[in-house]
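Student: Dumping the structure here so I can ask a few things about it.
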Amino acid sequence: MSDYSFSGSSDGSAHSQRLSANNDSDEESLNSSSPSMYTYDSSRDGPALLRRIQGRVYNAQNELYLFPADNTEFARLEKNHLIHLVNLGRLYIEGERVWRVLARVEGEQKRILDLGTGVGAWAIGMAQEFPHADVVGIDLAPNTSASLPPNCRFEFDDINLGLPHYYNTFDIVHCRELSNGIKDFGWLITEAAKCLKPGLLSALFINFCTCFIYPGGMVLVAEGDSTLFNEHHDVQEMAFGSGGPGQSWLARAMFESNNAMRQRGSNVEARLLGYEFMLLCPLLSEAGERVRMIPIGPWQRGATPDEDQRRQIMGILMRQSYIELTQSMSTMVIQQGYPPALVQQFRDGTENELNNLSVHLCVKWVYSYATRNNVPCHTVGARP
């Protein structure tokens, strides 16, 4: 169960704790679907959730995910959020299906769950677009300085521990850039499916019985590839030694950081298999995926003025994000035994090649989705 949460009912500086039902609380709180709350104080409770390493803030709950959780990193994640907004044109793929799922229904509370919410931009955006829905963002270290809408709250939690308290609860479950801190990505897809409201089976009797299955909630997953590609969409050659023409230090940095995360126990090699895991999950139906190649740097031109502008914006933001990413990953790769001088070479080489556009790089993003069917949760086993 989540330990700490804070909601939009505060001014963003006061945070709250989720209490278990056996804690002292009034009858209204015990009978409410909302968590019990008390004011969270960073000096008192912060050490249980956050830690400082070499001047930057990190989560203190999960050793798999060793990326910062400070304002510098949140600014980078905000850039990533903007990239996806420009890429998709909205907060999500399959717009018409999402709108149907989240349409107002008399007597029914719509709910949205954002797993690995990070800076919280997606959750906040969904709360603003769907003010009739309750939005929950879960992260090892969410952005505690965010100003939240009244229908949005963030919780500190390690998703790897499971989310049984949220089974059959949400209309939309969203996961983006989450694989770095997940032990078993296939299990994550099933756990997300369990959190969705199931579909309904209805029978209509007109001379004979006709059964209809009304679909349940939707799971939306977005993950980027750690393997980078060149302008021809071939795998980019990595730089070694002092590097050479056409080689990329960023491609090398991503390769080595992926190895470091795998050594720490993250299931990063499965990050692009969301669609395949959805097909295998007995709780999900109507799975699909969309694949997009996004430029790193403003080198790619579009076929129309609008497309050209989109490519330029995404390229500039992606360049900034990757330069900052090589800084954010430094502590992790050094802890895994990489020499600090080599890690600095990753950073310097990345900044030089991206600013000079000496290599034309792009990254593959896979957006997968599926709909919850009416198969009961209890028929699917727990983590193997």
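Order determines the names: the first chain of the structure tokens is A, the second B, and so forth; residues in each chain are numbered 1 upward, and ligands are numbered 1 upward as they are shown.
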Please identify every residue of region 103-190 of chain A that has at least one atom no farther than 6 Å from an atom of region 249-273 of chain A, counting only C-alpha atoms, and for each give the shortest atom pair and the distance in Å to one decimal, arranged by chain then increasing number, as a tab-separated table.

Tutor:
residue	atom	partner	partner_atom	distance
A:Ser179	CA	A:Val268	CA	5.6
A:Asn180	CA	A:Ser266	CA	5.7
A:Gly181	CA	A:Ser266	CA	5.8
A:Ile182	CA	A:Ser266	CA	5.4
A:Lys183	CA	A:Ser266	CA	4.9
A:Asp184	CA	A:Asn267	CA	5.5

Student: Please produce, as a tab-separated table, a per-residue contact table for region 300-337 of chain A versus region 226-243 of chain A (criterion: any atom at most 12 Å away, only C-alpha atoms considered), showing the nearest atom pair and its distance in Å to one decimal, sorted by chain then residue number.

Tutor:
residue	atom	partner	partner_atom	distance
A:Gln300	CA	A:Glu231	CA	8.3
A:Arg301	CA	A:Glu231	CA	11.2
A:Tyr322	CA	A:Ser226	CA	11.4

Student: Considering only C-alpha atoms, state which residue in the set A:Val359, A:Leu64, A:Leu82, A:Ala103 is at the smallest distance from Met332 (chain A).

Tutor: A:Leu64

Student: Quick one: residues within 9 Å of Glu286 (chain A), only C-alpha atoms counted, chain neighbours fewer than 3 positions away excluded, as a list in words?

Tutor: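 In the requested form, the answer reads Met278, Leu279, Tyr369, Ala370, Thr371 and Arg372 of chain A.
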
Student: With C-alpha atoms retained, export the selected residues as a PDB file, in the first residue's frame.

Tutor:
ATOM      1  CA  MET A 278      -0.572  -7.173 -23.735  1.00  0.00           C
ATOM      2  CA  LEU A 279      -1.328  -9.911 -26.274  1.00  0.00           C
ATOM      3  CA  TYR A 369      -2.429   0.122 -25.725  1.00  0.00           C
ATOM      4  CA  ALA A 370      -5.099  -2.448 -24.858  1.00  0.00           C
ATOM      5  CA  THR A 371      -8.585  -2.692 -23.374  1.00  0.00           C
ATOM      6  CA  ARG A 372      -9.600  -4.551 -20.209  1.00  0.00           C
TER       7      ARG A 372
END

Student: My list of candidates is A:Ile159, A:Ile112, A:Leu220, A:Ala146. Which is closest to Cys175 (chain A) when distances are computed with only C-alpha atoms?

Tutor: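 For Cys175 (chain A), the nearest of the candidates is A:Leu220.
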
Student: One decimal, in Å: what's the spacing between CA of Leu354 (chain A) and CA of Ile296 (chain A)?

Tutor: 7.6 Å

Student: Which one is closest to Tyr367 (chain A): A:Ser248, A:Asn87, A:Asn160, A:Asn151? Count only C-alpha atoms.

Tutor: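 Result for the nearest residue to Tyr367 (chain A): A:Asn87.
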
Student: Name the residues in contact with Lys197 (chain A) at a cut-off of 8 Å, using only C-alpha atoms, excluding same-chain residues fewer than 5 positions from it; report them as a ChimeraX atom specification.

Tutor: /A:167-171,216-217,372

Student: I want to know what sits within 10 Å of Tyr166 (chain A), based on only C-alpha atoms, with residues of the same chain fewer than 4 positions away left out; could you give that as JSON, numbers by chain?

Tutor: {"A": [1, 113, 162, 170, 191, 192, 194, 195, 196, 197]}

Student: Measuring between only C-alpha atoms, which one of A:Val291, A:Val98, A:Met329, A:Leu163 shows the shortest distance to Ala222 (chain A)?

Tutor: A:Val291

Student: Give me the residues near Asn356 (chain A) as a PyMOL selection string, where near means some atom within 12 Å (using only C-alpha atoms) and where sequence neighbours in that chain fewer than 4 positions away do not count.

Tutor: chain A and resi 296-299+319+349-352+360

Student: Can you check which residues of region 87-133 of chain A DSSP gives as strand (DSSP E) on the backbone and send them as a PDB file with C-alpha atoms, in the first residue's frame?

Tutor:
ATOM      1  CA  LYS A 110     -14.039   8.175 -13.588  1.00  0.00           C
ATOM      2  CA  ARG A 111     -10.478   7.491 -12.398  1.00  0.00           C
ATOM      3  CA  ILE A 112      -7.040   7.748 -14.036  1.00  0.00           C
ATOM      4  CA  LEU A 113      -3.780   6.213 -12.751  1.00  0.00           C
ATOM      5  CA  ASP A 114      -0.333   7.400 -13.878  1.00  0.00           C
ATOM      6  CA  LEU A 115       2.371   4.890 -12.930  1.00  0.00           C
ATOM      7  CA  ALA A 133     -12.107  12.346 -13.206  1.00  0.00           C
TER       8      ALA A 133
END
